[in-house]
Amino acid sequence: MKMGVDWKQGTLRVALTVLLLANLFPLFWMLAVSLERGSTLIAGLADLWPEQPSLRNYLEMWQSGPFGRYFLNSFVVAAGVTAGNLVFCTMAGYAFARRRFPLKRTAFGMTLATMMLPAQIIMVPLYVLIVKLGWFNTYWALIVPWLVNPFGVFLMKQYIQSLPVETEQAARIDGASELQVLWYVVAPLARPALVVLLIYVFMSHWNSFLFPFLFTNEDAMRTLPVGLAFYQGQYSIDWPHLMAGSATMALPMIGLFLIFQRQIIAGLTAGAVKG
Amino acid sequence: MAQSRRGQLWQGGRESRATLILLLPWLLSFVVFWAYPFFYSLYLSFTQFSGFGTPEWTGLSNYLALLNDNDFITSVRNTIVFAAGTIPATTVFGLGLALLVNGNVGWRGFYRAGFFLPSVTSMVVIALVFQILYSRGGYLYLLARSVGLPVPENGFLLSTSTALPAIMAMDVWVFSGYYMVFFLAGLQAIPAEYYEHARLEGATFWQRLRHVTLPLLRPIMLFVVVVNTIKTLQVFVEIFIMTKGGPLNSTMTVVYDLYETGLRKFRMGYASAMAYVLFVIIMALALLQMKVMRSEEEVQG
């Protein structure tokens with residue numbers, strides 16, 4: 001017996017299905033437009049699904065100028081940031097969970113604080129820093145500042161803390177160094193948390209717009225979200241191609257989510273439920 | 001070897017070196033890419049700086065100028081309207097959806113995934129899709145018109161009275177499902193005994209909601225509202241893609257104003273002051289919310 005509305009199952013199903021369709025409608029619509037042949041918008045309400053759906057727009061997007069490059073950049077950036085986070089957040093999380101050092105509480109508190117910190121505070125100074133370092137329009141700017149996500153540190157610390165400490169102690173008694181304990185004992189046990197971290201970081205950076213936008217102005221270095229945002233400026237009426245590009249960007253994330261939804265949601269709500 | 005509880009060994013120098021290595025990436029990242037920009041931004045807010053040369057100290061003049069800057073005041077107002085409009089709606093819909101999905105319906109995972117799905121796509125994609133839907137030939141526009149609603153001539157995004165509400169509606173659409181997932185987790189965490197007890201006493205759905213569910217959901221509610229506040233007050237991507245602050249500044253928000261001032265007009269000192277004003281507003285609201293929720297908790301006992 002749980003908390004939910006008292007309605008009959010049938011009514012509830014209908015209501016939820018209607019709401020769900022309304023909720024997913026814009027995404028369906030994006031797909032429909034992407035499969036259109038011409039570049040005219042629909043003329044009326046009846047034209048919801050294209051008469052002759054074709055994948056032509058998708059092919060043309062891939063063949064046209066920078067789109068393939070945008071995709072590559074997005075992948076390189078997301079993968080790079082993710083790889084870094086997997087290593088560095090685990091290291092820091094392990095330190096916070098198991099090691100003693102001065103000001104540990106303060107340090108962890110500051111990490112949590114940066115999670116809540118609005119990005120706009122660091123927008124301008126980070127831009128100046130990136131330019132000064134000569135990283136403007138390079139992968140460095142898109143990857144390095146994001147290598148240790150505070151949420152990632154939080155996640156790994158929580159998970160590692162919940163592991164039984166005896167396994168690690170046994171390894172230490174056998175003479176393993178800290179780094180060996182981390183690599184050979186803790187990391188394999190922390191795999192569920194690592195999966196969540198991987199998906200979360202990859203998706204955040206694949207979808208990220210603000211900083212990739214601020215730190216690039218050359219087409220060759222733009223990521224998908226930025227490229228798509230500028231595409232619409234150039235060819236303002238070419239919606240079908242734009243929707244094909246958008247769908248190409250969105251579908252991998254939707255796929256990832258559908259496969260890993262339990263882990264993603266568990267990771268997200270871990271912070272909330274524990275208060 | 002000294003051994004403390006929780007299995008933390010202390011072997012002197014070698015141990016502390018190991019700890020340092022473990023923390024080094026985090027520490028470097030934190031100091032260089034968070035702490036330093038955070039304080040540098042504060043410093044810049046008291047200067048005039050164009051990005052070239054050195055910043056020129058001007059004391060409080062940026063902050064004083066902001067008080068008289070009509071554009072900035074407009075952007076603050078728009079931002080607050082945006083937040084005040086979307087936060088309650090998103091929270092209520094999120095909770096409502098959670099209550100529906102948590103009812104006796106089966107396929108919970110399916111519905112949960114479906115409602116969460118929009119938040120998994122980039123805001124860029126969503127903004128682009130809605131931009132068409134809201135335009136003169138777009139489906140939502142045609143739908144509204146065919147139902148007889150008064151619609152502006154050139155689509156929702158080109159009219160000062162409908163542009164901001166249209167973007168707000170889009171945000172509520174995306175994030176209701178996102179926050180629904182948090183409420184679902186919270187509902188799951190409430191022990192069934194409370195409901196059995198309430199049911200035995202003949203409580204109706206609404207009574208159960210008010211007296212059992214809502215009090216016990218308080219931590220989640222707090223989390224949702226605070227996170228929502230912080231996020232919505234920073235709204236930028238939607239504005240940049242859909243309206244660029246127009247028409248006539250009716251969708252100009254603080255972060256968009258900040259972006260234009262600091263990184264297009266290169267008035268970085270002034271922009272930093274804007275950033276800090278917004279920061280203070282956000283932190284004040286977040287702390288206020290936490291305080292209100294906490295003290296209510298104590299009253300409940």
# chains A, B, ... in the order shown; residues from 1 in each chain; ligands from 1

call {"tool": "residues_around", "arguments": {"residues": "Leu22 in chain B", "least_positions_apart": "3", "cutoff": "6 Å", "atoms": "only C-alpha atoms", "output": "PyMOL selection string"}}
result
(chain A and resi 91-92) or (chain B and resi 19)

call {"tool": "closest_atom_pairs", "arguments": {"of": "chain A", "to": "chain B", "cutoff": "6 Å", "atoms": "only C-alpha atoms", "output": "tab-separated table"}}
result
residue	atom	partner	partner_atom	distance
A:Met1	CA	B:Ala192	CA	5.8
A:Lys2	CA	B:Ala192	CA	5.9
A:Gly4	CA	B:Gly103	CA	4.0
A:Val5	CA	B:Gly103	CA	5.1
A:Gln9	CA	B:Val105	CA	5.4
A:Met91	CA	B:Leu22	CA	4.9
A:Ala92	CA	B:Leu23	CA	5.1
A:Ile121	CA	B:Ala275	CA	5.3
A:Ile122	CA	B:Pro37	CA	5.3
A:Pro125	CA	B:Pro37	CA	5.2
A:Leu126	CA	B:Pro37	CA	5.9
A:Pro145	CA	B:Phe33	CA	5.8
A:Val148	CA	B:Trp26	CA	5.8
A:Asn207	CA	B:Ser122	CA	4.6
A:Pro225	CA	B:Val124	CA	5.9
A:Ser246	CA	B:Val125	CA	5.6
A:Ala250	CA	B:Thr121	CA	5.4
A:Thr269	CA	B:Phe182	CA	5.9
A:Ala272	CA	B:Ile220	CA	5.9
A:Gly275	CA	B:Pro219	CA	5.7

call {"tool": "decode", "arguments": {"residues": "range 78-110 of chain B", "atoms": "N, CA, C and O atoms", "output": "short mmCIF file (atom, residue, chain, number, x, y, z; two decimals), in the first residue's frame"}}
result
data_model
loop_
_atom_site.label_atom_id
_atom_site.label_comp_id
_atom_site.auth_asym_id
_atom_site.auth_seq_id
_atom_site.Cartn_x
_atom_site.Cartn_y
_atom_site.Cartn_z
N ASN B 78 12.41 40.13 -15.25
CA ASN B 78 12.05 38.99 -16.10
C ASN B 78 12.51 37.68 -15.49
O ASN B 78 11.81 36.67 -15.53
N THR B 79 13.72 37.70 -14.93
CA THR B 79 14.25 36.47 -14.34
C THR B 79 13.39 36.03 -13.17
O THR B 79 13.08 34.85 -13.02
N ILE B 80 13.00 36.99 -12.34
CA ILE B 80 12.17 36.63 -11.18
C ILE B 80 10.80 36.14 -11.63
O ILE B 80 10.26 35.16 -11.10
N VAL B 81 10.22 36.79 -12.63
CA VAL B 81 8.94 36.33 -13.16
C VAL B 81 9.08 34.91 -13.68
O VAL B 81 8.25 34.03 -13.41
N PHE B 82 10.17 34.68 -14.40
CA PHE B 82 10.41 33.35 -14.95
C PHE B 82 10.46 32.32 -13.84
O PHE B 82 9.81 31.28 -13.91
N ALA B 83 11.24 32.61 -12.80
CA ALA B 83 11.38 31.65 -11.71
C ALA B 83 10.06 31.48 -10.96
O ALA B 83 9.61 30.36 -10.71
N ALA B 84 9.43 32.60 -10.63
CA ALA B 84 8.20 32.54 -9.85
C ALA B 84 7.10 31.82 -10.62
O ALA B 84 6.22 31.19 -10.03
N GLY B 85 7.14 31.91 -11.93
CA GLY B 85 6.12 31.24 -12.72
C GLY B 85 6.39 29.76 -12.88
O GLY B 85 5.49 28.93 -12.83
N THR B 86 7.67 29.40 -13.08
CA THR B 86 7.94 28.00 -13.39
C THR B 86 8.10 27.12 -12.16
O THR B 86 7.72 25.96 -12.18
N ILE B 87 8.68 27.65 -11.10
CA ILE B 87 8.98 26.77 -9.96
C ILE B 87 7.73 26.14 -9.35
O ILE B 87 7.67 24.92 -9.19
N PRO B 88 6.70 26.93 -9.01
CA PRO B 88 5.52 26.28 -8.44
C PRO B 88 4.88 25.29 -9.42
O PRO B 88 4.50 24.19 -9.03
N ALA B 89 4.79 25.70 -10.69
CA ALA B 89 4.13 24.84 -11.66
C ALA B 89 4.87 23.52 -11.81
O ALA B 89 4.29 22.44 -11.77
N THR B 90 6.19 23.61 -11.97
CA THR B 90 6.98 22.39 -12.15
C THR B 90 6.87 21.50 -10.92
O THR B 90 6.73 20.28 -11.04
N THR B 91 6.94 22.11 -9.74
CA THR B 91 6.88 21.32 -8.51
C THR B 91 5.52 20.63 -8.38
O THR B 91 5.44 19.44 -8.10
N VAL B 92 4.45 21.39 -8.60
CA VAL B 92 3.11 20.81 -8.46
C VAL B 92 2.88 19.71 -9.50
O VAL B 92 2.40 18.62 -9.17
N PHE B 93 3.23 19.98 -10.75
CA PHE B 93 3.05 18.96 -11.79
C PHE B 93 3.92 17.75 -11.51
O PHE B 93 3.52 16.60 -11.71
N GLY B 94 5.16 18.02 -11.05
CA GLY B 94 6.06 16.91 -10.75
C GLY B 94 5.46 16.02 -9.69
O GLY B 94 5.43 14.79 -9.81
N LEU B 95 4.95 16.62 -8.63
CA LEU B 95 4.35 15.85 -7.55
C LEU B 95 3.08 15.15 -8.04
O LEU B 95 2.84 13.98 -7.76
N GLY B 96 2.26 15.90 -8.81
CA GLY B 96 1.04 15.31 -9.34
C GLY B 96 1.31 14.09 -10.19
O GLY B 96 0.67 13.03 -10.03
N LEU B 97 2.30 14.22 -11.08
CA LEU B 97 2.64 13.08 -11.93
C LEU B 97 3.12 11.91 -11.08
O LEU B 97 2.78 10.76 -11.34
N ALA B 98 3.92 12.22 -10.05
CA ALA B 98 4.43 11.15 -9.20
C ALA B 98 3.28 10.43 -8.51
O ALA B 98 3.27 9.19 -8.41
N LEU B 99 2.29 11.19 -8.03
CA LEU B 99 1.15 10.56 -7.38
C LEU B 99 0.36 9.70 -8.36
O LEU B 99 -0.14 8.64 -8.01
N LEU B 100 0.26 10.17 -9.59
CA LEU B 100 -0.46 9.38 -10.58
C LEU B 100 0.30 8.09 -10.90
O LEU B 100 -0.27 7.00 -10.92
N VAL B 101 1.59 8.25 -11.15
CA VAL B 101 2.38 7.09 -11.55
C VAL B 101 2.51 6.10 -10.40
O VAL B 101 2.63 4.89 -10.61
N ASN B 102 2.45 6.61 -9.17
CA ASN B 102 2.57 5.73 -8.02
C ASN B 102 1.26 5.06 -7.64
O ASN B 102 1.22 4.26 -6.73
N GLY B 103 0.20 5.46 -8.33
CA GLY B 103 -1.07 4.82 -8.08
C GLY B 103 -1.03 3.40 -8.62
O GLY B 103 -0.02 2.95 -9.15
N ASN B 104 -2.14 2.73 -8.54
CA ASN B 104 -2.16 1.30 -8.86
C ASN B 104 -2.14 1.01 -10.34
O ASN B 104 -3.08 0.46 -10.88
N VAL B 105 -1.06 1.35 -11.00
CA VAL B 105 -1.17 1.33 -12.45
C VAL B 105 -0.29 0.31 -13.16
O VAL B 105 -0.49 0.00 -14.30
N GLY B 106 0.72 -0.18 -12.47
CA GLY B 106 1.60 -1.10 -13.19
C GLY B 106 2.38 -0.33 -14.24
O GLY B 106 2.10 0.81 -14.53
N TRP B 107 3.39 -0.94 -14.81
CA TRP B 107 4.21 -0.28 -15.83
C TRP B 107 4.85 0.98 -15.28
O TRP B 107 5.07 1.94 -16.01
N ARG B 108 5.12 1.00 -13.99
CA ARG B 108 5.65 2.22 -13.41
C ARG B 108 6.92 2.65 -14.10
O ARG B 108 7.12 3.81 -14.39
N GLY B 109 7.80 1.68 -14.34
CA GLY B 109 9.09 2.01 -14.95
C GLY B 109 8.91 2.66 -16.31
O GLY B 109 9.62 3.61 -16.66
N PHE B 110 7.93 2.16 -17.05
CA PHE B 110 7.67 2.69 -18.39
C PHE B 110 7.23 4.14 -18.33
O PHE B 110 7.76 5.00 -19.03
#
